file query.cif (mmCIF, C-alpha atoms and all ligand atoms)
data_data
#
loop_
_atom_site.label_atom_id
_atom_site.label_comp_id
_atom_site.auth_asym_id
_atom_site.auth_seq_id
_atom_site.Cartn_x
_atom_site.Cartn_y
_atom_site.Cartn_z
CA MET A 25 13.06 6.10 12.27
CA GLN A 26 9.68 7.49 13.03
CA LEU A 27 7.24 9.21 10.71
CA THR A 28 4.60 11.24 12.49
CA ILE A 29 1.62 12.48 10.52
CA ASP A 30 -0.54 14.89 12.47
CA ARG A 31 -4.01 16.07 11.49
CA LEU A 32 -3.30 16.23 7.78
CA SER A 33 -6.14 17.58 5.62
CA LYS A 34 -6.47 18.27 1.91
CA THR A 35 -9.38 19.43 -0.22
CA TYR A 36 -8.71 19.73 -3.96
CA PRO A 37 -9.79 22.87 -5.81
CA ASN A 38 -12.74 20.91 -7.29
CA GLY A 39 -14.11 20.46 -3.76
CA VAL A 40 -13.12 16.81 -3.25
CA ARG A 41 -12.01 16.29 0.33
CA ALA A 42 -9.20 13.74 -0.10
CA LEU A 43 -7.71 13.81 3.42
CA HIS A 44 -9.46 14.72 6.65
CA ASN A 45 -7.51 15.01 9.91
CA VAL A 46 -5.24 12.07 9.13
CA SER A 47 -2.97 11.23 12.07
CA LEU A 48 -0.64 8.22 12.01
CA THR A 49 2.67 7.24 13.59
CA LEU A 50 4.88 4.84 11.66
CA SER A 51 8.13 3.18 12.72
CA ASN A 52 10.59 0.88 10.93
CA GLY A 53 9.06 -2.03 9.05
CA MET A 54 6.33 -2.45 6.50
CA PHE A 55 3.21 -0.33 6.99
CA GLY A 56 0.11 -1.09 4.92
CA LEU A 57 -2.23 1.71 3.96
CA LEU A 58 -5.42 -0.09 2.99
CA GLY A 59 -8.47 1.49 1.43
CA PRO A 60 -10.82 1.34 -1.55
CA ASN A 61 -10.17 3.31 -4.73
CA GLY A 62 -10.61 7.00 -4.09
CA ALA A 63 -9.93 6.65 -0.33
CA GLY A 64 -7.10 9.20 -0.39
CA LYS A 65 -4.13 6.82 -0.36
CA SER A 66 -2.25 8.39 -3.27
CA SER A 67 -2.97 11.88 -1.95
CA LEU A 68 -1.35 10.89 1.34
CA MET A 69 1.59 9.16 -0.39
CA ARG A 70 2.24 12.15 -2.64
CA THR A 71 2.13 14.50 0.34
CA ILE A 72 4.66 12.40 2.28
CA ALA A 73 6.80 12.20 -0.88
CA THR A 74 6.85 16.05 -0.94
CA LEU A 75 5.04 16.17 -4.28
CA GLN A 76 1.99 18.05 -3.09
CA GLU A 77 1.02 20.32 -0.21
CA PRO A 78 -1.71 19.67 2.35
CA ASP A 79 -4.09 22.45 3.44
CA SER A 80 -3.22 21.86 7.09
CA GLY A 81 -1.42 19.46 9.40
CA SER A 82 2.19 18.39 9.76
CA ILE A 83 4.54 15.51 8.96
CA ARG A 84 7.81 14.85 10.79
CA LEU A 85 10.55 12.33 10.14
CA ASP A 86 12.71 11.66 13.19
CA ASP A 87 15.68 9.42 13.75
CA PRO A 88 17.04 9.57 17.29
CA ASP A 89 20.07 7.42 16.31
CA ALA A 90 21.14 9.52 13.35
CA ASP A 91 20.12 12.63 15.21
CA TYR A 92 17.89 14.21 12.66
CA ASN A 93 14.42 15.65 12.86
CA LEU A 94 12.92 16.75 9.59
CA ASP A 95 9.84 18.79 8.98
CA VAL A 96 8.73 16.95 5.83
CA LEU A 97 6.53 19.76 4.52
CA THR A 98 9.21 22.45 4.67
CA ASN A 99 12.47 20.52 4.28
CA LYS A 100 11.70 18.91 0.92
CA THR A 101 15.32 18.53 -0.12
CA GLY A 102 16.22 16.81 3.14
CA VAL A 103 13.33 14.37 2.76
CA ARG A 104 14.08 13.62 -0.88
CA GLN A 105 17.60 12.54 0.06
CA LEU A 106 16.12 9.88 2.33
CA LEU A 107 13.21 8.89 0.12
CA GLY A 108 12.63 6.07 -2.36
CA TYR A 109 9.32 6.40 -4.19
CA LEU A 110 7.51 4.02 -6.50
CA PRO A 111 4.46 5.92 -7.75
CA GLN A 112 1.28 4.23 -8.92
CA GLU A 113 2.00 5.09 -12.52
CA PHE A 114 5.50 5.68 -13.70
CA GLY A 115 6.62 6.22 -17.23
CA VAL A 116 9.64 4.40 -18.58
CA TYR A 117 11.36 5.05 -21.86
CA PRO A 118 10.39 1.89 -23.74
CA ARG A 119 13.44 1.80 -26.01
CA ILE A 120 16.02 2.12 -23.26
CA SER A 121 17.49 -0.90 -21.51
CA ALA A 122 16.79 -1.60 -17.82
CA ARG A 123 20.45 -1.01 -17.06
CA ARG A 124 20.84 2.29 -18.91
CA MET A 125 17.66 3.73 -17.45
CA LEU A 126 18.72 2.79 -13.93
CA ASP A 127 22.11 4.35 -14.54
CA HIS A 128 20.30 7.51 -15.58
CA VAL A 129 18.23 7.53 -12.37
CA ALA A 130 21.39 7.00 -10.29
CA ARG A 131 23.01 9.96 -12.00
CA LEU A 132 19.94 12.11 -11.29
CA LYS A 133 20.14 11.05 -7.66
CA GLY A 134 23.65 12.46 -7.50
CA ILE A 135 25.88 9.40 -7.87
CA GLU A 136 28.58 11.03 -9.98
CA ARG A 137 31.30 8.40 -10.36
CA SER A 138 30.55 6.11 -13.27
CA ASN A 139 32.28 3.07 -11.72
CA GLU A 140 30.31 3.43 -8.53
CA ARG A 141 27.11 3.79 -10.59
CA LYS A 142 27.87 0.73 -12.66
CA ASP A 143 28.40 -1.46 -9.59
CA LEU A 144 25.29 -0.10 -7.92
CA VAL A 145 23.09 -0.57 -11.00
CA LEU A 146 24.16 -4.19 -11.47
CA ALA A 147 23.79 -4.94 -7.75
CA LEU A 148 20.27 -3.49 -7.72
CA LEU A 149 19.21 -5.33 -10.86
CA ASP A 150 20.49 -8.50 -9.25
CA LYS A 151 18.54 -7.75 -6.06
CA VAL A 152 15.27 -7.42 -7.95
CA ASN A 153 16.04 -10.49 -10.02
CA LEU A 154 16.43 -8.66 -13.32
CA TYR A 155 20.15 -9.19 -13.80
CA LYS A 156 19.74 -11.53 -16.72
CA ASP A 157 17.30 -9.08 -18.34
CA ARG A 158 19.53 -6.06 -17.72
CA ASP A 159 20.08 -5.30 -21.41
CA ARG A 160 16.45 -5.79 -22.45
CA LYS A 161 14.43 -2.72 -23.37
CA LEU A 162 11.98 -1.64 -20.68
CA GLY A 163 9.18 -1.63 -23.26
CA THR A 164 9.45 -5.43 -23.52
CA PHE A 165 9.02 -6.01 -19.76
CA SER A 166 5.90 -7.60 -18.21
CA GLY A 167 3.95 -5.69 -15.54
CA GLY A 168 5.73 -7.57 -12.77
CA MET A 169 9.18 -6.93 -14.25
CA LYS A 170 8.38 -3.22 -14.58
CA GLN A 171 7.34 -3.11 -10.92
CA ARG A 172 10.54 -4.85 -9.87
CA TRP A 173 12.54 -2.37 -11.93
CA GLY A 174 10.51 0.35 -10.19
CA ILE A 175 11.66 -0.96 -6.82
CA ALA A 176 15.28 -0.99 -8.05
CA GLN A 177 15.04 2.69 -8.98
CA ALA A 178 13.38 3.49 -5.62
CA LEU A 179 16.32 1.82 -3.82
CA VAL A 180 19.02 3.98 -5.43
CA GLY A 181 20.73 6.01 -2.71
CA ASN A 182 19.85 3.72 0.25
CA PRO A 183 16.55 5.36 1.20
CA ARG A 184 15.36 5.25 4.83
CA LEU A 185 11.75 5.93 3.82
CA ILE A 186 10.28 3.94 0.94
CA ILE A 187 6.84 4.59 -0.48
CA VAL A 188 5.20 2.15 -2.88
CA ASP A 189 1.80 3.13 -4.20
CA GLU A 190 -0.52 0.26 -5.26
CA PRO A 191 2.39 -1.84 -6.51
CA THR A 192 0.58 -5.14 -6.98
CA ALA A 193 -2.42 -3.89 -8.97
CA GLY A 194 -2.44 -5.66 -12.32
CA LEU A 195 0.13 -8.33 -11.44
CA ASP A 196 -0.66 -12.00 -11.99
CA PRO A 197 -0.37 -14.32 -8.93
CA ALA A 198 3.16 -15.51 -9.76
CA GLU A 199 4.41 -11.97 -10.36
CA ARG A 200 2.71 -10.81 -7.19
CA ASN A 201 4.47 -13.52 -5.18
CA ARG A 202 7.85 -12.57 -6.59
CA PHE A 203 7.10 -8.95 -5.75
CA TYR A 204 6.04 -9.88 -2.17
CA ASN A 205 9.35 -11.70 -1.69
CA LEU A 206 11.23 -8.65 -2.81
CA LEU A 207 9.26 -6.22 -0.65
CA SER A 208 9.53 -8.41 2.43
CA GLN A 209 13.32 -8.06 2.31
CA LEU A 210 13.21 -4.27 2.52
CA GLY A 211 11.72 -3.68 5.99
CA GLU A 212 13.98 -3.79 9.05
CA GLN A 213 15.94 -0.52 9.07
CA THR A 214 13.57 1.43 6.86
CA ILE A 215 10.01 2.64 6.96
CA VAL A 216 8.22 1.11 3.99
CA ILE A 217 4.72 2.41 3.26
CA LEU A 218 2.70 0.22 0.97
CA SER A 219 -0.59 1.56 -0.25
CA THR A 220 -3.03 -0.99 -1.55
CA HIS A 221 -6.69 -1.88 -1.95
CA ILE A 222 -5.77 -5.59 -1.72
CA VAL A 223 -6.22 -7.05 1.77
CA GLU A 224 -3.91 -9.97 0.94
CA ASP A 225 -1.01 -7.53 0.42
CA VAL A 226 -1.33 -6.35 4.02
CA ASN A 227 -1.85 -9.86 5.36
CA THR A 228 1.29 -11.11 3.67
CA LEU A 229 3.64 -8.24 4.30
CA CYS A 230 2.72 -5.72 6.95
CA SER A 231 3.34 -5.60 10.70
CA GLN A 232 1.23 -2.46 11.04
CA PHE A 233 -1.58 -1.11 8.94
CA ALA A 234 -4.28 1.50 8.71
CA ILE A 235 -7.64 1.45 6.98
CA ILE A 236 -8.49 4.69 5.24
CA CYS A 237 -11.78 5.62 3.56
CA HIS A 238 -13.13 8.96 2.33
CA GLY A 239 -9.89 10.55 3.53
CA GLU A 240 -10.29 9.41 7.14
CA VAL A 241 -8.35 6.84 9.16
CA LEU A 242 -10.87 4.24 10.36
CA TYR A 243 -8.43 1.84 12.02
CA HIS A 244 -4.75 1.72 12.89
CA GLY A 245 -2.97 -1.25 14.46
CA GLU A 246 -1.49 -4.71 13.92
CA PRO A 247 -3.23 -7.13 11.54
CA GLU A 248 -3.08 -9.94 14.12
CA ASN A 249 -4.75 -7.91 16.87
CA ALA A 250 -7.33 -6.58 14.45
CA VAL A 251 -8.35 -10.12 13.51
CA LYS A 252 -8.37 -11.24 17.17
CA SER A 253 -10.77 -8.45 18.06
CA LEU A 254 -13.39 -10.11 15.82
CA GLU A 255 -13.05 -13.61 17.30
CA GLY A 256 -16.47 -15.12 18.00
CA LYS A 257 -18.26 -12.32 16.20
CA ILE A 258 -18.27 -13.43 12.57
CA TYR A 259 -21.01 -15.62 11.14
CA SER A 260 -21.43 -17.02 7.67
CA LYS A 261 -24.42 -18.42 5.82
CA ARG A 262 -25.06 -19.76 2.35
CA ILE A 263 -28.19 -18.17 0.94
CA PRO A 264 -30.13 -18.32 -2.35
CA GLN A 265 -29.06 -15.44 -4.61
CA ASN A 266 -32.58 -14.02 -4.79
CA GLU A 267 -32.83 -13.62 -1.01
CA ILE A 268 -29.94 -11.23 -0.64
CA GLU A 269 -32.15 -8.14 -0.25
CA LYS A 270 -34.20 -9.85 2.46
CA TYR A 271 -31.01 -10.65 4.39
CA ARG A 272 -29.64 -7.15 3.89
CA ALA A 273 -32.75 -5.76 5.51
CA GLY A 274 -32.46 -8.15 8.48
CA TYR A 275 -28.72 -8.41 9.21
CA PRO A 276 -25.63 -6.17 9.26
CA ILE A 277 -23.91 -7.90 6.35
CA ILE A 278 -20.23 -6.97 6.11
CA SER A 279 -19.46 -8.86 2.91
CA THR A 280 -20.76 -11.28 0.35
CA GLN A 281 -18.67 -13.97 -1.27
CA LEU A 282 -19.20 -16.32 -4.16
CA LYS A 283 -17.65 -19.75 -3.68
CA ALA A 284 -18.05 -22.24 -6.49
CA GLY A 285 -21.05 -20.26 -7.71
CA GLN A 286 -22.78 -20.29 -4.29
CA LEU A 287 -23.52 -17.07 -2.45
CA TYR A 288 -22.31 -16.71 1.15
CA ILE A 289 -22.92 -13.73 3.38
CA ARG A 290 -20.76 -12.76 6.35
CA VAL A 291 -22.27 -10.93 9.29
CA LYS A 292 -20.67 -9.38 12.36
CA SER A 293 -22.70 -9.90 15.49
CA ASP A 294 -21.88 -9.58 19.19
CA GLU A 295 -24.70 -11.98 19.97
CA HIS A 296 -24.98 -15.59 18.90
CA LEU A 297 -26.77 -15.96 15.56
CA ALA A 298 -29.01 -18.96 14.90
CA ASN A 299 -31.23 -19.28 11.82
CA GLY A 300 -28.70 -21.32 9.83
CA PHE A 301 -25.70 -19.09 10.45
CA SER A 302 -22.41 -20.80 11.37
CA PRO A 303 -19.62 -19.21 13.41
CA ALA A 304 -16.66 -18.43 11.15
CA ALA A 305 -13.00 -17.74 11.87
CA PRO A 306 -12.42 -14.02 11.32
CA ASP A 307 -9.82 -12.83 8.84
CA LEU A 308 -8.38 -9.50 7.79
CA GLU A 309 -11.03 -9.08 5.09
CA ASP A 310 -13.66 -9.13 7.83
CA VAL A 311 -11.76 -6.38 9.66
CA TYR A 312 -11.54 -4.36 6.46
CA PHE A 313 -15.18 -4.76 5.47
CA THR A 314 -16.42 -4.17 9.03
CA HIS A 315 -14.80 -0.75 9.02
CA ILE A 316 -15.44 0.13 5.40
CA SER A 317 -19.13 -0.78 5.63
CA THR A 318 -19.60 1.97 8.23
CA LYS A 319 -18.59 4.51 5.57
CA MET A 320 -19.71 3.00 2.29
CA ASP A 321 -22.76 1.28 0.92
CA ILE A 322 -21.84 -2.41 0.92
CA ASN A 323 -23.27 -2.76 -2.61
CA THR A 324 -20.58 -0.43 -3.93
CA ILE A 325 -17.60 -2.10 -2.21
P1 LIG B 1 -6.70 6.48 -3.82
O1 LIG B 1 -5.23 6.55 -4.04
O2 LIG B 1 -7.06 5.90 -2.47
O3 LIG B 1 -7.44 5.82 -4.93
P2 LIG B 1 -6.68 9.36 -4.31
O4 LIG B 1 -5.83 10.02 -3.29
O5 LIG B 1 -6.10 9.13 -5.68
O6 LIG B 1 -7.26 7.98 -3.70
O7 LIG B 1 -8.02 10.19 -4.49
C1 LIG B 1 -8.83 10.62 -3.40
C2 LIG B 1 -9.96 11.49 -3.95
O8 LIG B 1 -9.39 12.70 -4.46
C3 LIG B 1 -10.68 10.85 -5.13
O9 LIG B 1 -12.03 11.24 -5.04
C4 LIG B 1 -10.02 11.46 -6.34
O10 LIG B 1 -10.91 11.52 -7.44
C5 LIG B 1 -9.68 12.85 -5.84
N1 LIG B 1 -8.46 13.42 -6.46
C6 LIG B 1 -7.23 12.85 -6.50
N2 LIG B 1 -6.34 13.67 -7.09
C7 LIG B 1 -7.02 14.78 -7.44
C8 LIG B 1 -6.68 16.03 -8.08
N3 LIG B 1 -5.42 16.26 -8.47
N4 LIG B 1 -7.65 16.94 -8.28
C9 LIG B 1 -8.91 16.70 -7.86
N5 LIG B 1 -9.31 15.58 -7.25
C10 LIG B 1 -8.39 14.62 -7.04
#

call {"tool": "encode", "arguments": {"input": "query.cif", "output": "structure tokens"}}
result
Amino acid sequence: MQLTIDRLSKTYPNGVRALHNVSLTLSNGMFGLLGPNGAGKSSLMRTIATLQEPDSGSIRLDDPDADYNLDVLTNKTGVRQLLGYLPQEFGVYPRISARRMLDHVARLKGIERSNERKDLVLALLDKVNLYKDRDRKLGTFSGGMKQRWGIAQALVGNPRLIIVDEPTAGLDPAERNRFYNLLSQLGEQTIVILSTHIVEDVNTLCSQFAIICHGEVLYHGEPENAVKSLEGKIYSKRIPQNEIEKYRAGYPIISTQLKAGQLYIRVKSDEHLANGFSPAAPDLEDVYFTHISTKMDINTI
């Protein structure tokens, strides 16, 4: 499977330019779309999910093995048959059980035979570790349980393209871990697009990722290579809180971190930095902030 996004642009009627010449090529596996709030992630996800139209550009979904080539923007029905979508916000009927609601979704997705639906629903609830909670009302579920149910509904119909929009926002660490485990099992034969503003999500799950900000793709590649490209270029220093402005004026700070109440700054420099700076091992956050800081005021990140 290959998803090819070519020069996609979208400006909303209120003048907000949400996507600007976005071009990306995605193949099977987990792809992370990383960017701050307002970057354009949901706009891109909704466009791929055939829920909104771009102003210009194209999206294709090709599978040489299965011999299909879909124009995503015109063949909406074809795409929807291959698509599993977990939107950022999804309403559930709070008084309906997990099992009944999933049965309803399966019926909407065209699975007519009730026996087939029943087996599928129970198998999916088992897969997302909600089997024992299958008869509980959705309104009683925690955030993490709701997200896992959301994945179950996205998996109905064996999708080849799965889109999950900011799925870990609001989950506690244990729930997030459970959700990571579930997502990591999806990859292989499917394209999974995970949009997130959380760098750790990409680090944990994704073999490919892109950084998007103000509707533009700033970076596209593998997390490992991205981190390698910063080797020997990241420096860290603990500074008194009241000197931050002085340092901002003197150094290209890419991020600030508080550790045990102490303020540390991280700087990217091609030349060796003295003056109390220590070389630091780069990580994916450095990659993210290096790119984002070219587009945004660091104080607002
Ligand atoms: P993200 O998912 O990265 O937070 P969005 O795609 O939701 O970003 O939003 C990108 C920009 O487009 C933001 O400035 C947002 O306010 C704006 N936006 C999103 N949806 C609409 C809409 N339906 N009408 C007008 N502006 C919108």

call {"tool": "closest_residue", "arguments": {"input": "query.cif", "among": "A:Gly181, A:Gly59, A:Pro111, A:Pro118", "to": "Leu75 of chain A", "atoms": "all atoms listed in the file"}}
result
A:Pro111

call {"tool": "residues_around", "arguments": {"input": "query.cif", "residues": "segment 246-251 of chain A", "least_positions_apart": "6", "cutoff": "9 Å", "atoms": "only C-alpha atoms", "output": "list in words"}}
result
Val226, Asn227, Cys230, Ser231, Gln232, Phe233, Ala234, Pro306, Asp307, Leu308, Glu309, Asp310 and Val311 of chain A

call {"tool": "write_last_selection", "arguments": {"input": "query.cif", "atoms": "C-alpha atoms", "output": "tab-separated table (two decimals), in the coordinates of the input"}}
result
chain	number	residue	atom	x	y	z
A	226	VAL	CA	-1.33	-6.35	4.02
A	227	ASN	CA	-1.85	-9.86	5.36
A	230	CYS	CA	2.72	-5.72	6.95
A	231	SER	CA	3.34	-5.60	10.70
A	232	GLN	CA	1.23	-2.46	11.04
A	233	PHE	CA	-1.58	-1.11	8.94
A	234	ALA	CA	-4.28	1.50	8.71
A	306	PRO	CA	-12.42	-14.02	11.32
A	307	ASP	CA	-9.82	-12.83	8.84
A	308	LEU	CA	-8.38	-9.50	7.79
A	309	GLU	CA	-11.03	-9.08	5.09
A	310	ASP	CA	-13.66	-9.13	7.83
A	311	VAL	CA	-11.76	-6.38	9.66

call {"tool": "residues_around", "arguments": {"input": "query.cif", "residues": "Val241 of chain A", "least_positions_apart": "2", "cutoff": "10 Å", "atoms": "all atoms listed in the file", "output": "NGL selection string"}}
result
:A and (43-48 or 57-59 or 63-64 or 234-239 or 243-244 or 315)

call {"tool": "residues_near_ligand", "arguments": {"input": "query.cif", "ligand": "ligand LIG 1 (chain B)", "cutoff": "10 Å", "atoms": "all atoms listed in the file", "output": "number ranges by chain"}}
result
A: 34-43, 57-71, 76, 112, 189-190, 219-221, 236-239

call {"tool": "closest_residue", "arguments": {"input": "query.cif", "among": "A:Ser253, A:Asn93, A:Ser279, A:Gln171", "to": "Asp294 of chain A", "atoms": "only C-alpha atoms"}}
result
A:Ser253

call {"tool": "residues_near_point", "arguments": {"input": "query.cif", "point": "(4.1, 11.3, 12.9)", "cutoff": "9 Å", "atoms": "all atoms listed in the file", "output": "list in words"}}
result
Gln26, Leu27, Thr28, Ile29, Asp30, Ser47, Leu48, Thr49, Leu50, Ser82, Ile83, Arg84, Leu85 and Asp86 of chain A

call {"tool": "atom_distance", "arguments": {"input": "query.cif", "atom1": "atom CA of Arg131 of chain A", "atom2": "atom CA of Gln177 of chain A"}}
result
11.2 Å

call {"tool": "atom_distance", "arguments": {"input": "query.cif", "atom1": "atom CA of Pro183 of chain A", "atom2": "atom CA of Leu210 of chain A"}}
result
10.3 Å

call {"tool": "atom_distance", "arguments": {"input": "query.cif", "atom1": "atom CA of Ser51 of chain A", "atom2": "atom CA of Ser208 of chain A"}}
result
15.6 Å

call {"tool": "residues_near_point", "arguments": {"input": "query.cif", "point": "(6.4, -9.3, -8.5)", "cutoff": "6 Å", "atoms": "only C-alpha atoms", "output": "compact mmCIF listing (two decimals) with C-alpha atoms, in the frame of the given file"}}
result
# COMPACT_ATOMS: atom_id res chain seq x y z
CA GLY A 168 5.73 -7.57 -12.77
CA GLU A 199 4.41 -11.97 -10.36
CA ARG A 200 2.71 -10.81 -7.19
CA ASN A 201 4.47 -13.52 -5.18
CA ARG A 202 7.85 -12.57 -6.59
CA PHE A 203 7.10 -8.95 -5.75

call {"tool": "residues_around", "arguments": {"input": "query.cif", "residues": "segment 145-148 of chain A", "least_positions_apart": "5", "cutoff": "7 Å", "atoms": "only C-alpha atoms", "output": "VMD selection string"}}
result
chain A and resid 123 126 to 127 155 176

call {"tool": "residues_around", "arguments": {"input": "query.cif", "residues": "Gly174 of chain A", "least_positions_apart": "3", "cutoff": "12 Å", "atoms": "only C-alpha atoms", "output": "PyMOL selection string"}}
result
chain A and resi 108-116+122+125-126+129+148-149+152+154+162+165+167-171+177-180+186-189+191-192+203+206-207

call {"tool": "closest_residue", "arguments": {"input": "query.cif", "among": "A:Leu254, A:Leu297, A:Ile217, A:Ala284", "to": "Ala73 of chain A", "atoms": "only C-alpha atoms"}}
result
A:Ile217

call {"tool": "decode", "arguments": {"input": "query.cif", "residues": "segment 140-218 of chain A", "atoms": "C-alpha atoms", "output": "CSV table (one decimal), in the first residue's frame"}}
result
chain,number,residue,atom,x,y,z
A,140,GLU,CA,-20.9,-12.9,11.5
A,141,ARG,CA,-21.3,-9.6,13.3
A,142,LYS,CA,-21.5,-11.2,16.7
A,143,ASP,CA,-18.3,-13.1,16.2
A,144,LEU,CA,-16.5,-10.1,14.8
A,145,VAL,CA,-17.7,-7.8,17.7
A,146,LEU,CA,-16.5,-10.2,20.4
A,147,ALA,CA,-13.2,-10.8,18.6
A,148,LEU,CA,-12.6,-7.1,18.3
A,149,LEU,CA,-13.5,-6.4,21.9
A,150,ASP,CA,-11.1,-9.1,22.9
A,151,LYS,CA,-8.4,-7.6,20.7
A,152,VAL,CA,-8.6,-4.2,22.4
A,153,ASN,CA,-8.8,-5.9,25.8
A,154,LEU,CA,-12.4,-4.9,26.6
A,155,TYR,CA,-14.0,-8.3,26.4
A,156,LYS,CA,-14.7,-8.5,30.1
A,157,ASP,CA,-16.3,-5.0,29.9
A,158,ARG,CA,-18.3,-5.8,26.8
A,159,ASP,CA,-21.7,-5.3,28.5
A,160,ARG,CA,-20.8,-2.1,30.4
A,161,LYS,CA,-22.3,1.1,29.2
A,162,LEU,CA,-19.9,3.3,27.2
A,163,GLY,CA,-20.7,6.2,29.5
A,164,THR,CA,-19.0,4.4,32.4
A,165,PHE,CA,-15.7,3.9,30.4
A,166,SER,CA,-12.5,5.8,31.3
A,167,GLY,CA,-10.7,7.9,28.6
A,168,GLY,CA,-8.4,5.0,27.8
A,169,MET,CA,-11.2,2.5,27.5
A,170,LYS,CA,-13.1,4.8,25.2
A,171,GLN,CA,-10.0,5.2,23.0
A,172,ARG,CA,-9.6,1.4,22.9
A,173,TRP,CA,-13.2,1.0,21.9
A,174,GLY,CA,-12.6,3.7,19.3
A,175,ILE,CA,-9.8,1.5,17.8
A,176,ALA,CA,-12.2,-1.5,17.8
A,177,GLN,CA,-14.8,0.4,15.8
A,178,ALA,CA,-12.0,1.7,13.4
A,179,LEU,CA,-11.0,-2.0,12.8
A,180,VAL,CA,-14.4,-3.2,11.7
A,181,GLY,CA,-14.1,-4.3,8.0
A,182,ASN,CA,-10.4,-5.0,8.0
A,183,PRO,CA,-9.2,-1.5,6.9
A,184,ARG,CA,-6.0,-1.1,4.9
A,185,LEU,CA,-5.7,2.5,5.9
A,186,ILE,CA,-6.2,3.5,9.5
A,187,ILE,CA,-6.2,7.1,10.7
A,188,VAL,CA,-6.0,7.9,14.4
A,189,ASP,CA,-6.2,11.6,15.3
A,190,GLU,CA,-4.5,12.6,18.6
A,191,PRO,CA,-5.5,9.3,20.3
A,192,THR,CA,-3.3,9.6,23.4
A,193,ALA,CA,-4.3,13.2,24.5
A,194,GLY,CA,-5.8,13.0,27.9
A,195,LEU,CA,-4.7,9.4,28.7
A,196,ASP,CA,-2.9,8.7,31.9
A,197,PRO,CA,0.5,6.9,31.6
A,198,ALA,CA,-0.8,3.4,32.2
A,199,GLU,CA,-3.7,3.9,29.7
A,200,ARG,CA,-1.3,5.4,27.2
A,201,ASN,CA,1.0,2.3,27.5
A,202,ARG,CA,-1.9,0.0,27.0
A,203,PHE,CA,-2.9,2.0,24.0
A,204,TYR,CA,0.6,2.0,22.6
A,205,ASN,CA,0.7,-1.8,22.8
A,206,LEU,CA,-2.6,-2.0,20.9
A,207,LEU,CA,-1.5,0.4,18.2
A,208,SER,CA,1.9,-1.3,17.7
A,209,GLN,CA,0.1,-4.5,16.7
A,210,LEU,CA,-1.7,-2.9,13.8
A,211,GLY,CA,1.1,-1.9,11.5
A,212,GLU,CA,2.6,-4.4,9.1
A,213,GLN,CA,0.0,-4.8,6.3
A,214,THR,CA,-1.7,-1.5,6.8
A,215,ILE,CA,-0.9,2.2,6.6
A,216,VAL,CA,-1.5,3.6,10.1
A,217,ILE,CA,-1.4,7.4,10.4
A,218,LEU,CA,-1.1,8.7,13.9
